[in-house]
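Pasting entry_7.cif here (mmCIF, C-alpha atoms):
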```
data_model
loop_
_atom_site.label_atom_id
_atom_site.label_comp_id
_atom_site.auth_asym_id
_atom_site.auth_seq_id
_atom_site.Cartn_x
_atom_site.Cartn_y
_atom_site.Cartn_z
CA MET T 1 0.00 0.00 0.00
CA SER T 2 1.33 3.45 -0.91
CA PRO T 3 2.09 5.77 2.02
CA LYS T 4 -0.45 8.50 2.64
CA ILE T 5 1.23 11.89 2.27
CA SER T 6 -0.71 15.01 3.23
CA VAL T 7 0.40 18.56 2.45
CA ILE T 8 -0.54 21.62 4.52
CA ILE T 9 -0.15 25.04 2.88
CA PRO T 10 -0.79 28.10 5.07
CA ALA T 11 -1.85 30.99 2.84
CA TYR T 12 -2.63 34.66 3.27
CA ASN T 13 -3.46 36.61 0.10
CA GLU T 14 -1.71 34.19 -2.23
CA GLU T 15 -4.18 34.09 -5.14
CA GLU T 16 -1.41 34.81 -7.66
CA SER T 17 1.09 32.24 -6.43
CA LEU T 18 -1.15 29.38 -5.27
CA PRO T 19 -2.02 28.02 -8.73
CA HIS T 20 1.70 27.57 -9.44
CA VAL T 21 2.26 25.83 -6.11
CA LEU T 22 -0.69 23.48 -6.53
CA ASN T 23 0.05 22.68 -10.17
CA ASP T 24 3.67 21.77 -9.39
CA LEU T 25 2.79 19.32 -6.64
CA PRO T 26 3.15 15.60 -7.53
CA ARG T 27 -0.58 15.14 -7.02
CA ASN T 28 -0.61 11.44 -7.94
CA ARG T 29 1.60 10.79 -4.90
CA LEU T 30 -0.48 12.77 -2.41
CA HIS T 31 -3.32 11.76 -0.12
CA GLN T 32 -4.47 15.29 0.76
CA VAL T 33 -3.64 18.85 -0.17
CA ILE T 34 -4.93 21.30 2.44
CA VAL T 35 -4.78 25.06 1.93
CA VAL T 36 -5.44 27.04 5.10
CA ASP T 37 -6.82 30.44 4.19
CA ASN T 38 -5.64 32.65 7.05
CA ARG T 39 -8.22 35.44 6.64
CA SER T 40 -7.25 36.44 3.11
CA THR T 41 -8.90 39.41 1.46
CA ASP T 42 -8.32 38.18 -2.11
CA ARG T 43 -9.38 35.03 -4.00
CA THR T 44 -7.02 32.66 -2.19
CA SER T 45 -9.83 30.26 -1.22
CA GLU T 46 -11.40 30.26 -4.67
CA VAL T 47 -8.18 29.57 -6.57
CA ALA T 48 -7.26 26.84 -4.08
CA ARG T 49 -10.56 25.05 -4.72
CA GLU T 50 -10.31 25.61 -8.46
CA ASN T 51 -6.96 23.83 -8.36
CA GLY T 52 -8.21 20.84 -6.42
CA ALA T 53 -7.20 21.64 -2.84
CA THR T 54 -9.25 21.23 0.31
CA VAL T 55 -9.73 24.66 1.89
CA VAL T 56 -9.75 25.29 5.62
CA HIS T 57 -10.70 28.76 6.86
CA GLU T 58 -8.83 30.10 9.89
CA ARG T 59 -9.88 33.57 10.97
CA ARG T 60 -7.27 33.83 13.72
CA ARG T 61 -4.17 35.28 12.11
CA GLY T 62 -0.79 33.61 12.53
CA TYR T 63 1.42 31.17 10.62
CA GLY T 64 1.43 28.65 13.43
CA GLN T 65 -2.31 28.98 13.95
CA ALA T 66 -2.87 28.22 10.26
CA CYS T 67 -0.63 25.14 10.49
CA LEU T 68 -2.48 23.92 13.60
CA SER T 69 -5.83 24.33 11.83
CA GLY T 70 -4.49 22.41 8.85
CA MET T 71 -3.46 19.60 11.19
CA ASP T 72 -7.02 19.42 12.52
CA ALA T 73 -8.17 18.59 8.98
CA LEU T 74 -5.70 15.73 8.42
CA ASP T 75 -7.14 12.35 7.44
CA ASN T 76 -4.76 10.04 9.33
CA PRO T 77 -1.77 10.32 6.96
CA ASP T 78 1.59 8.61 7.30
CA ILE T 79 3.63 11.73 6.49
CA VAL T 80 2.79 15.44 6.73
CA VAL T 81 4.53 18.00 4.54
CA PHE T 82 4.42 21.73 5.30
CA LEU T 83 4.88 24.04 2.33
CA ASP T 84 4.50 27.80 1.87
CA GLY T 85 1.98 29.17 -0.58
CA ASP T 86 4.16 31.92 -2.07
CA TYR T 87 5.96 29.75 -4.68
CA SER T 88 9.39 30.40 -3.16
CA ASP T 89 9.86 26.66 -2.64
CA PHE T 90 9.82 24.06 -5.41
CA PRO T 91 6.78 21.84 -4.67
CA GLU T 92 8.01 19.11 -7.01
CA GLU T 93 10.87 18.49 -4.57
CA ILE T 94 8.54 16.85 -2.06
CA ASP T 95 10.06 13.51 -3.04
CA LEU T 96 13.45 14.71 -1.71
CA LEU T 97 11.90 15.41 1.69
CA VAL T 98 9.81 12.28 2.12
CA GLU T 99 12.34 9.75 0.75
CA PRO T 100 14.43 9.48 3.97
CA ILE T 101 11.20 8.90 5.92
CA LEU T 102 9.94 6.29 3.47
CA SER T 103 13.27 4.47 3.59
CA GLY T 104 13.13 4.32 7.39
CA GLU T 105 16.18 6.55 7.89
CA ALA T 106 14.51 9.58 9.47
CA ASP T 107 11.41 10.88 11.23
CA PHE T 108 11.74 14.59 10.47
CA ILE T 109 13.22 16.34 7.45
CA VAL T 110 13.98 20.05 7.08
CA GLY T 111 14.42 21.38 3.57
CA SER T 112 17.47 23.62 3.91
CA ARG T 113 17.76 26.71 1.75
CA MET T 114 21.25 27.41 3.08
CA ILE T 115 23.14 24.52 1.48
CA LEU T 116 22.84 25.41 -2.21
CA GLU T 117 24.48 28.72 -3.11
CA GLU T 118 21.71 29.81 -5.48
CA SER T 119 19.12 29.19 -2.76
CA ARG T 120 21.04 31.22 -0.18
CA LYS T 121 21.24 34.13 -2.62
CA ALA T 122 17.46 34.09 -3.08
CA LEU T 123 16.88 34.68 0.64
CA LEU T 124 16.57 38.27 1.78
CA PRO T 125 19.64 39.30 3.84
CA GLN T 126 17.59 39.74 7.01
CA ALA T 127 16.17 36.23 6.65
CA ARG T 128 19.61 34.77 5.99
CA TYR T 129 21.23 36.41 9.01
CA GLY T 130 18.28 35.67 11.27
CA ASN T 131 18.46 32.00 10.33
CA GLN T 132 22.17 31.89 11.08
CA LEU T 133 21.65 33.35 14.55
CA ALA T 134 18.76 31.01 15.36
CA VAL T 135 20.52 27.80 14.29
CA PHE T 136 23.67 28.91 16.14
CA LEU T 137 21.66 29.24 19.36
CA ILE T 138 20.01 25.87 18.81
CA ARG T 139 23.42 24.25 18.36
CA ILE T 140 24.80 25.89 21.49
CA PHE T 141 21.81 25.23 23.74
CA PHE T 142 20.31 22.00 22.35
CA GLY T 143 23.30 20.31 20.74
CA HIS T 144 21.95 19.79 17.23
CA ARG T 145 23.40 21.39 14.12
CA PHE T 146 20.76 22.74 11.76
CA THR T 147 21.56 25.06 8.88
CA ASP T 148 18.08 26.52 8.36
CA LEU T 149 14.59 27.07 9.77
CA GLY T 150 13.14 26.39 6.32
CA PRO T 151 9.32 26.13 6.18
CA PHE T 152 9.44 23.31 3.58
CA ARG T 153 9.55 20.22 5.81
CA ALA T 154 8.23 16.70 6.24
CA ILE T 155 7.52 14.68 9.37
CA ARG T 156 5.98 11.35 10.28
CA TYR T 157 2.43 11.95 11.43
CA GLU T 158 2.98 10.00 14.66
CA SER T 159 6.08 12.12 15.35
CA LEU T 160 4.12 15.31 14.70
CA GLN T 161 1.50 14.20 17.19
CA ALA T 162 4.17 13.26 19.74
CA ILE T 163 5.91 16.65 19.79
CA GLY T 164 2.70 18.53 20.58
CA MET T 165 3.02 21.72 18.54
CA ARG T 166 1.62 24.86 20.19
CA ASP T 167 3.05 28.05 18.70
CA LYS T 168 0.53 30.16 16.84
CA ASN T 169 2.76 32.52 14.87
CA PHE T 170 6.43 33.13 14.06
CA GLY T 171 7.88 30.58 16.48
CA TRP T 172 6.35 27.58 14.70
CA THR T 173 9.37 26.36 12.74
CA VAL T 174 11.90 26.75 15.54
CA GLU T 175 9.52 25.12 18.04
CA MET T 176 9.21 22.06 15.81
CA GLN T 177 12.97 21.75 15.41
CA ILE T 178 13.73 22.13 19.11
CA LYS T 179 11.02 19.65 20.11
CA ALA T 180 12.24 17.19 17.49
CA VAL T 181 15.67 17.30 19.17
CA GLN T 182 14.19 17.01 22.65
CA LYS T 183 12.04 14.02 21.66
CA GLY T 184 15.00 12.23 20.09
CA LEU T 185 13.56 12.16 16.57
CA ARG T 186 15.85 11.07 13.77
CA ILE T 187 16.47 14.38 12.01
CA ARG T 188 17.91 15.11 8.61
CA GLU T 189 18.30 18.14 6.41
CA VAL T 190 18.16 17.95 2.63
CA PRO T 191 19.17 20.78 0.29
CA VAL T 192 16.23 22.35 -1.52
CA ARG T 193 16.06 25.00 -4.18
CA TYR T 194 14.60 28.39 -3.33
CA ARG T 195 13.60 31.45 -5.37
CA MET T 196 12.22 34.91 -4.79
CA ARG T 197 8.60 34.60 -3.82
CA ILE T 198 5.68 35.93 -5.84
CA GLY T 199 4.57 39.15 -4.16
CA VAL T 200 5.98 40.77 -1.02
CA SER T 201 6.78 38.74 2.09
CA LYS T 202 4.42 39.44 4.98
CA ILE T 203 7.28 38.86 7.42
CA THR T 204 10.75 39.66 6.08
CA GLY T 205 9.34 42.06 3.50
CA THR T 206 8.76 44.71 6.17
CA VAL T 207 10.91 46.06 8.98
CA SER T 208 8.21 45.51 11.61
CA GLY T 209 7.56 41.97 10.41
CA THR T 210 11.26 41.15 10.48
CA LEU T 211 11.67 42.49 14.01
CA ARG T 212 8.57 40.74 15.34
CA ALA T 213 9.53 37.42 13.75
CA GLY T 214 13.10 37.64 14.98
CA ALA T 215 12.04 38.49 18.51
CA LYS T 216 9.55 35.61 18.64
CA ILE T 217 12.09 33.10 17.33
CA ILE T 218 14.68 34.13 19.93
CA TYR T 219 12.00 34.11 22.66
CA THR T 220 10.95 30.60 21.66
CA ILE T 221 14.52 29.29 21.80
CA PHE T 222 15.03 30.62 25.33
CA LYS T 223 11.55 29.49 26.38
CA TYR T 224 12.34 25.85 25.61
CA LEU T 225 15.82 26.20 27.07
CA ILE T 226 14.32 27.24 30.40
CA THR T 227 11.33 24.88 30.43
#
```
Any chance you could put this one into structure tokens?
Amino acid sequence: MSPKISVIIPAYNEEESLPHVLNDLPRNRLHQVIVVDNRSTDRTSEVARENGATVVHERRRGYGQACLSGMDALDNPDIVVFLDGDYSDFPEEIDLLVEPILSGEADFIVGSRMILEESRKALLPQARYGNQLAVFLIRIFFGHRFTDLGPFRAIRYESLQAIGMRDKNFGWTVEMQIKAVQKGLRIREVPVRYRMRIGVSKITGTVSGTLRAGAKIIYTIFKYLIT
């Protein structure tokens, strides 16, 4: 029996990019494609449905909140993939992320944008430097060497349930990585391609968004260090 792979795509005003994301997914390999419309004011929900995705509406704003709502809609998959809706990732590379899980070598895979030079260059400088600081702190405090907090990631469903995700906004990715280390999950990073997103980033595209995201990521690291 083929493994059931579900994809969760948090989306806020991504009507232009979503068709590209959904069309590039290897749909014949996937069990579910869930787009979480995080209170968009454009046609995000409509274009998601038109391109064959299941739409979940989440009125409470926040990246983590959208991911949690997507998890509530999962239909007992084997593997869950998280993917952004802005077309900065390459959806067709899902196979790279799930292969180490399917082969029994890993429980949690982070798609790293920092390994390939062309991917690093596509990251905004503030995102690149913020990632470097965050993974440095994780290595110092939690003893695991990551290169990235990349949002393109795959995890066994049972492992996702075991780590008990809680963060509702910018701390989501770093929380998952710290908890994966704390729970003793078998972790791997794989290099993924990355490109400039369609549209303007809601986080690193503004000074306030960059500062708020950076502060929450650092807060989350120290929170789990203390607790």
**Prompt:** Could you spell out the hits of the PyMOL selection byres ((chain T and resi 37) around 7) on the shown file, as a ChimeraX atom specification?
**Reply:** /T:10-12,35-36,38-40,44-45,55-58
**Request:** Using the chain letters and numbering of this document, enumerate as a PyMOL selection string the residues selected by the PyMOL selection byres ((chain T and resi 110) around 8).
**Result:** chain T and resi 97+108-109+111-112+148-154+187-190
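Minimum atom-to-atom distance to Lys179 (chain T), evaluated using only C-alpha atoms, belongs to T:Ile221 out of T:Ala48, T:Ala215, T:Val7, T:Ile221.
CA of Ala162 (chain T) lies 13.1 Å from CA of Glu175 (chain T).
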**Contact residues around Arg27 (chain T) with all atoms listed in the file at 12 Å, ignoring same-chain residues under 6 positions, as a PyMOL selection string** = chain T and resi 4-7+21+33+51-53+91-92+94-95
Residues of the last selection are to be written out with C-alpha atoms, as a CSV table (one decimal), keeping the file's coordinate frame.
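Saved the output as again.csv:
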```csv
chain,number,residue,atom,x,y,z
T,4,LYS,CA,-0.4,8.5,2.6
T,5,ILE,CA,1.2,11.9,2.3
T,6,SER,CA,-0.7,15.0,3.2
T,7,VAL,CA,0.4,18.6,2.4
T,21,VAL,CA,2.3,25.8,-6.1
T,33,VAL,CA,-3.6,18.8,-0.2
T,51,ASN,CA,-7.0,23.8,-8.4
T,52,GLY,CA,-8.2,20.8,-6.4
T,53,ALA,CA,-7.2,21.6,-2.8
T,91,PRO,CA,6.8,21.8,-4.7
T,92,GLU,CA,8.0,19.1,-7.0
T,94,ILE,CA,8.5,16.8,-2.1
T,95,ASP,CA,10.1,13.5,-3.0
```
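Closest approach to Gly143 (chain T) among T:Gly184, T:Pro125, T:Gly164, T:Gly85: T:Gly184, based on only C-alpha atoms.
You will find CA of Pro3 (chain T) at 7.7 Å from CA of Pro77 (chain T).
Going from CA of Ile101 (chain T) over to CA of Leu83 (chain T), you cover 16.8 Å.
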**Message:** Which residue is closest to Phe142 (chain T)? Choose from T:Met165, T:Arg29, T:Ile178, T:Thr54 and count all atoms listed in the file.
**Reply:** T:Ile178
**Request:** Could you expand the PyMOL selection byres ((chain T and resi 185) around 8) into the explicit residues it covers here, written as number ranges by chain?
**Result:** T: 106-108, 159, 180-184, 186-187
**Complete:** Residue with the minimum atom-to-atom distance to Arg128 (chain T), picked from T:Ile115, T:Met1, T:Ala73, T:Leu96 with all atoms listed in the file counted, is T:Ile115
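With all atoms listed in the file as the basis for measurement, T:Ala213 is the residue among T:Ile34, T:Ala213, T:Ala122, T:Val98 that approaches Ala134 (chain T) most closely.
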**Item:** Residue nearest His31 (chain T) - candidates T:Val47, T:Ile138, T:Leu124, T:Leu74, atoms counted: only C-alpha atoms
**Value:** T:Leu74
**Message:** Need to verify the contact set: Arg113 (chain T), 8 Å, all atoms listed in the file, exclusion of same-chain residues closer than 3 positions in sequence. Can you return it as a ChimeraX atom specification?
**Reply:** /T:116,119-120,148,150,191-194
If you keep N, CA and C atoms, can you output region 80-119 of chain T as a PDB file, in the first residue's frame?
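Writing done, so here's selection-v3.pdb:
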```pdb
ATOM      1  N   VAL T  80       3.341  14.096   6.936  1.00  0.00           N
ATOM      2  CA  VAL T  80       2.787  15.439   6.727  1.00  0.00           C
ATOM      3  C   VAL T  80       3.895  16.339   6.200  1.00  0.00           C
ATOM      4  N   VAL T  81       3.597  17.045   5.126  1.00  0.00           N
ATOM      5  CA  VAL T  81       4.530  18.005   4.538  1.00  0.00           C
ATOM      6  C   VAL T  81       3.958  19.406   4.726  1.00  0.00           C
ATOM      7  N   PHE T  82       4.804  20.325   5.188  1.00  0.00           N
ATOM      8  CA  PHE T  82       4.422  21.733   5.302  1.00  0.00           C
ATOM      9  C   PHE T  82       5.136  22.507   4.195  1.00  0.00           C
ATOM     10  N   LEU T  83       4.377  23.356   3.521  1.00  0.00           N
ATOM     11  CA  LEU T  83       4.878  24.043   2.333  1.00  0.00           C
ATOM     12  C   LEU T  83       4.247  25.427   2.275  1.00  0.00           C
ATOM     13  N   ASP T  84       5.045  26.459   1.989  1.00  0.00           N
ATOM     14  CA  ASP T  84       4.497  27.804   1.875  1.00  0.00           C
ATOM     15  C   ASP T  84       3.732  27.978   0.569  1.00  0.00           C
ATOM     16  N   GLY T  85       2.821  28.942   0.584  1.00  0.00           N
ATOM     17  CA  GLY T  85       1.981  29.168  -0.580  1.00  0.00           C
ATOM     18  C   GLY T  85       2.458  30.265  -1.498  1.00  0.00           C
ATOM     19  N   ASP T  86       3.695  30.760  -1.307  1.00  0.00           N
ATOM     20  CA  ASP T  86       4.159  31.918  -2.070  1.00  0.00           C
ATOM     21  C   ASP T  86       5.013  31.560  -3.287  1.00  0.00           C
ATOM     22  N   TYR T  87       5.197  30.273  -3.537  1.00  0.00           N
ATOM     23  CA  TYR T  87       5.960  29.749  -4.677  1.00  0.00           C
ATOM     24  C   TYR T  87       7.447  30.042  -4.575  1.00  0.00           C
ATOM     25  N   SER T  88       7.949  30.249  -3.348  1.00  0.00           N
ATOM     26  CA  SER T  88       9.390  30.399  -3.164  1.00  0.00           C
ATOM     27  C   SER T  88      10.071  29.033  -3.107  1.00  0.00           C
ATOM     28  N   ASP T  89       9.351  28.033  -2.619  1.00  0.00           N
ATOM     29  CA  ASP T  89       9.858  26.662  -2.636  1.00  0.00           C
ATOM     30  C   ASP T  89       9.519  26.008  -3.972  1.00  0.00           C
ATOM     31  N   PHE T  90      10.097  24.840  -4.203  1.00  0.00           N
ATOM     32  CA  PHE T  90       9.815  24.061  -5.406  1.00  0.00           C
ATOM     33  C   PHE T  90       8.982  22.851  -4.997  1.00  0.00           C
ATOM     34  N   PRO T  91       7.651  22.914  -5.160  1.00  0.00           N
ATOM     35  CA  PRO T  91       6.783  21.844  -4.666  1.00  0.00           C
ATOM     36  C   PRO T  91       7.122  20.466  -5.212  1.00  0.00           C
ATOM     37  N   GLU T  92       7.674  20.406  -6.418  1.00  0.00           N
ATOM     38  CA  GLU T  92       8.014  19.115  -7.015  1.00  0.00           C
ATOM     39  C   GLU T  92       9.133  18.406  -6.266  1.00  0.00           C
ATOM     40  N   GLU T  93       9.793  19.105  -5.337  1.00  0.00           N
ATOM     41  CA  GLU T  93      10.874  18.494  -4.568  1.00  0.00           C
ATOM     42  C   GLU T  93      10.389  17.765  -3.313  1.00  0.00           C
ATOM     43  N   ILE T  94       9.078  17.592  -3.200  1.00  0.00           N
ATOM     44  CA  ILE T  94       8.540  16.848  -2.061  1.00  0.00           C
ATOM     45  C   ILE T  94       9.194  15.472  -1.947  1.00  0.00           C
ATOM     46  N   ASP T  95       9.449  14.839  -3.075  1.00  0.00           N
ATOM     47  CA  ASP T  95      10.063  13.511  -3.039  1.00  0.00           C
ATOM     48  C   ASP T  95      11.393  13.526  -2.293  1.00  0.00           C
ATOM     49  N   LEU T  96      12.172  14.614  -2.417  1.00  0.00           N
ATOM     50  CA  LEU T  96      13.446  14.711  -1.708  1.00  0.00           C
ATOM     51  C   LEU T  96      13.236  14.700  -0.195  1.00  0.00           C
ATOM     52  N   LEU T  97      12.152  15.322   0.257  1.00  0.00           N
ATOM     53  CA  LEU T  97      11.895  15.413   1.688  1.00  0.00           C
ATOM     54  C   LEU T  97      11.349  14.117   2.271  1.00  0.00           C
ATOM     55  N   VAL T  98      10.466  13.459   1.539  1.00  0.00           N
ATOM     56  CA  VAL T  98       9.815  12.280   2.124  1.00  0.00           C
ATOM     57  C   VAL T  98      10.637  11.000   1.949  1.00  0.00           C
ATOM     58  N   GLU T  99      11.604  10.992   1.021  1.00  0.00           N
ATOM     59  CA  GLU T  99      12.343   9.754   0.751  1.00  0.00           C
ATOM     60  C   GLU T  99      13.067   9.208   1.983  1.00  0.00           C
ATOM     61  N   PRO T 100      13.774  10.042   2.781  1.00  0.00           N
ATOM     62  CA  PRO T 100      14.434   9.483   3.969  1.00  0.00           C
ATOM     63  C   PRO T 100      13.449   8.921   4.997  1.00  0.00           C
ATOM     64  N   ILE T 101      12.227   9.452   5.024  1.00  0.00           N
ATOM     65  CA  ILE T 101      11.205   8.901   5.922  1.00  0.00           C
ATOM     66  C   ILE T 101      10.706   7.570   5.375  1.00  0.00           C
ATOM     67  N   LEU T 102      10.435   7.525   4.083  1.00  0.00           N
ATOM     68  CA  LEU T 102       9.939   6.295   3.466  1.00  0.00           C
ATOM     69  C   LEU T 102      10.949   5.153   3.562  1.00  0.00           C
ATOM     70  N   SER T 103      12.225   5.493   3.520  1.00  0.00           N
ATOM     71  CA  SER T 103      13.265   4.468   3.586  1.00  0.00           C
ATOM     72  C   SER T 103      13.579   4.044   5.016  1.00  0.00           C
ATOM     73  N   GLY T 104      12.922   4.685   5.996  1.00  0.00           N
ATOM     74  CA  GLY T 104      13.131   4.323   7.387  1.00  0.00           C
ATOM     75  C   GLY T 104      14.350   4.936   8.023  1.00  0.00           C
ATOM     76  N   GLU T 105      14.948   5.951   7.381  1.00  0.00           N
ATOM     77  CA  GLU T 105      16.175   6.554   7.892  1.00  0.00           C
ATOM     78  C   GLU T 105      15.921   7.752   8.799  1.00  0.00           C
ATOM     79  N   ALA T 106      14.750   8.344   8.724  1.00  0.00           N
ATOM     80  CA  ALA T 106      14.510   9.576   9.467  1.00  0.00           C
ATOM     81  C   ALA T 106      13.037   9.699   9.816  1.00  0.00           C
ATOM     82  N   ASP T 107      12.776  10.569  10.814  1.00  0.00           N
ATOM     83  CA  ASP T 107      11.408  10.881  11.228  1.00  0.00           C
ATOM     84  C   ASP T 107      11.003  12.292  10.821  1.00  0.00           C
ATOM     85  N   PHE T 108      12.006  13.162  10.684  1.00  0.00           N
ATOM     86  CA  PHE T 108      11.743  14.587  10.467  1.00  0.00           C
ATOM     87  C   PHE T 108      12.793  15.135   9.513  1.00  0.00           C
ATOM     88  N   ILE T 109      12.328  15.794   8.470  1.00  0.00           N
ATOM     89  CA  ILE T 109      13.218  16.337   7.447  1.00  0.00           C
ATOM     90  C   ILE T 109      12.982  17.837   7.310  1.00  0.00           C
ATOM     91  N   VAL T 110      14.047  18.612   7.349  1.00  0.00           N
ATOM     92  CA  VAL T 110      13.982  20.049   7.076  1.00  0.00           C
ATOM     93  C   VAL T 110      14.600  20.302   5.716  1.00  0.00           C
ATOM     94  N   GLY T 111      13.861  20.958   4.843  1.00  0.00           N
ATOM     95  CA  GLY T 111      14.424  21.383   3.574  1.00  0.00           C
ATOM     96  C   GLY T 111      15.264  22.622   3.789  1.00  0.00           C
ATOM     97  N   SER T 112      16.574  22.501   3.625  1.00  0.00           N
ATOM     98  CA  SER T 112      17.467  23.622   3.909  1.00  0.00           C
ATOM     99  C   SER T 112      17.727  24.466   2.665  1.00  0.00           C
ATOM    100  N   ARG T 113      17.499  25.751   2.820  1.00  0.00           N
ATOM    101  CA  ARG T 113      17.762  26.709   1.746  1.00  0.00           C
ATOM    102  C   ARG T 113      19.180  27.267   1.824  1.00  0.00           C
ATOM    103  N   MET T 114      19.938  26.841   2.825  1.00  0.00           N
ATOM    104  CA  MET T 114      21.251  27.408   3.075  1.00  0.00           C
ATOM    105  C   MET T 114      22.391  26.564   2.518  1.00  0.00           C
ATOM    106  N   ILE T 115      22.090  25.414   1.960  1.00  0.00           N
ATOM    107  CA  ILE T 115      23.138  24.515   1.481  1.00  0.00           C
ATOM    108  C   ILE T 115      23.535  24.836   0.047  1.00  0.00           C
ATOM    109  N   LEU T 116      22.558  25.070  -0.816  1.00  0.00           N
ATOM    110  CA  LEU T 116      22.844  25.412  -2.210  1.00  0.00           C
ATOM    111  C   LEU T 116      23.067  26.913  -2.332  1.00  0.00           C
ATOM    112  N   GLU T 117      24.129  27.295  -3.030  1.00  0.00           N
ATOM    113  CA  GLU T 117      24.479  28.722  -3.115  1.00  0.00           C
ATOM    114  C   GLU T 117      23.372  29.552  -3.746  1.00  0.00           C
ATOM    115  N   GLU T 118      22.745  29.025  -4.811  1.00  0.00           N
ATOM    116  CA  GLU T 118      21.713  29.809  -5.480  1.00  0.00           C
ATOM    117  C   GLU T 118      20.490  30.010  -4.589  1.00  0.00           C
ATOM    118  N   SER T 119      20.236  29.055  -3.689  1.00  0.00           N
ATOM    119  CA  SER T 119      19.118  29.195  -2.760  1.00  0.00           C
ATOM    120  C   SER T 119      19.428  30.237  -1.692  1.00  0.00           C
TER     121      SER T 119
END
```
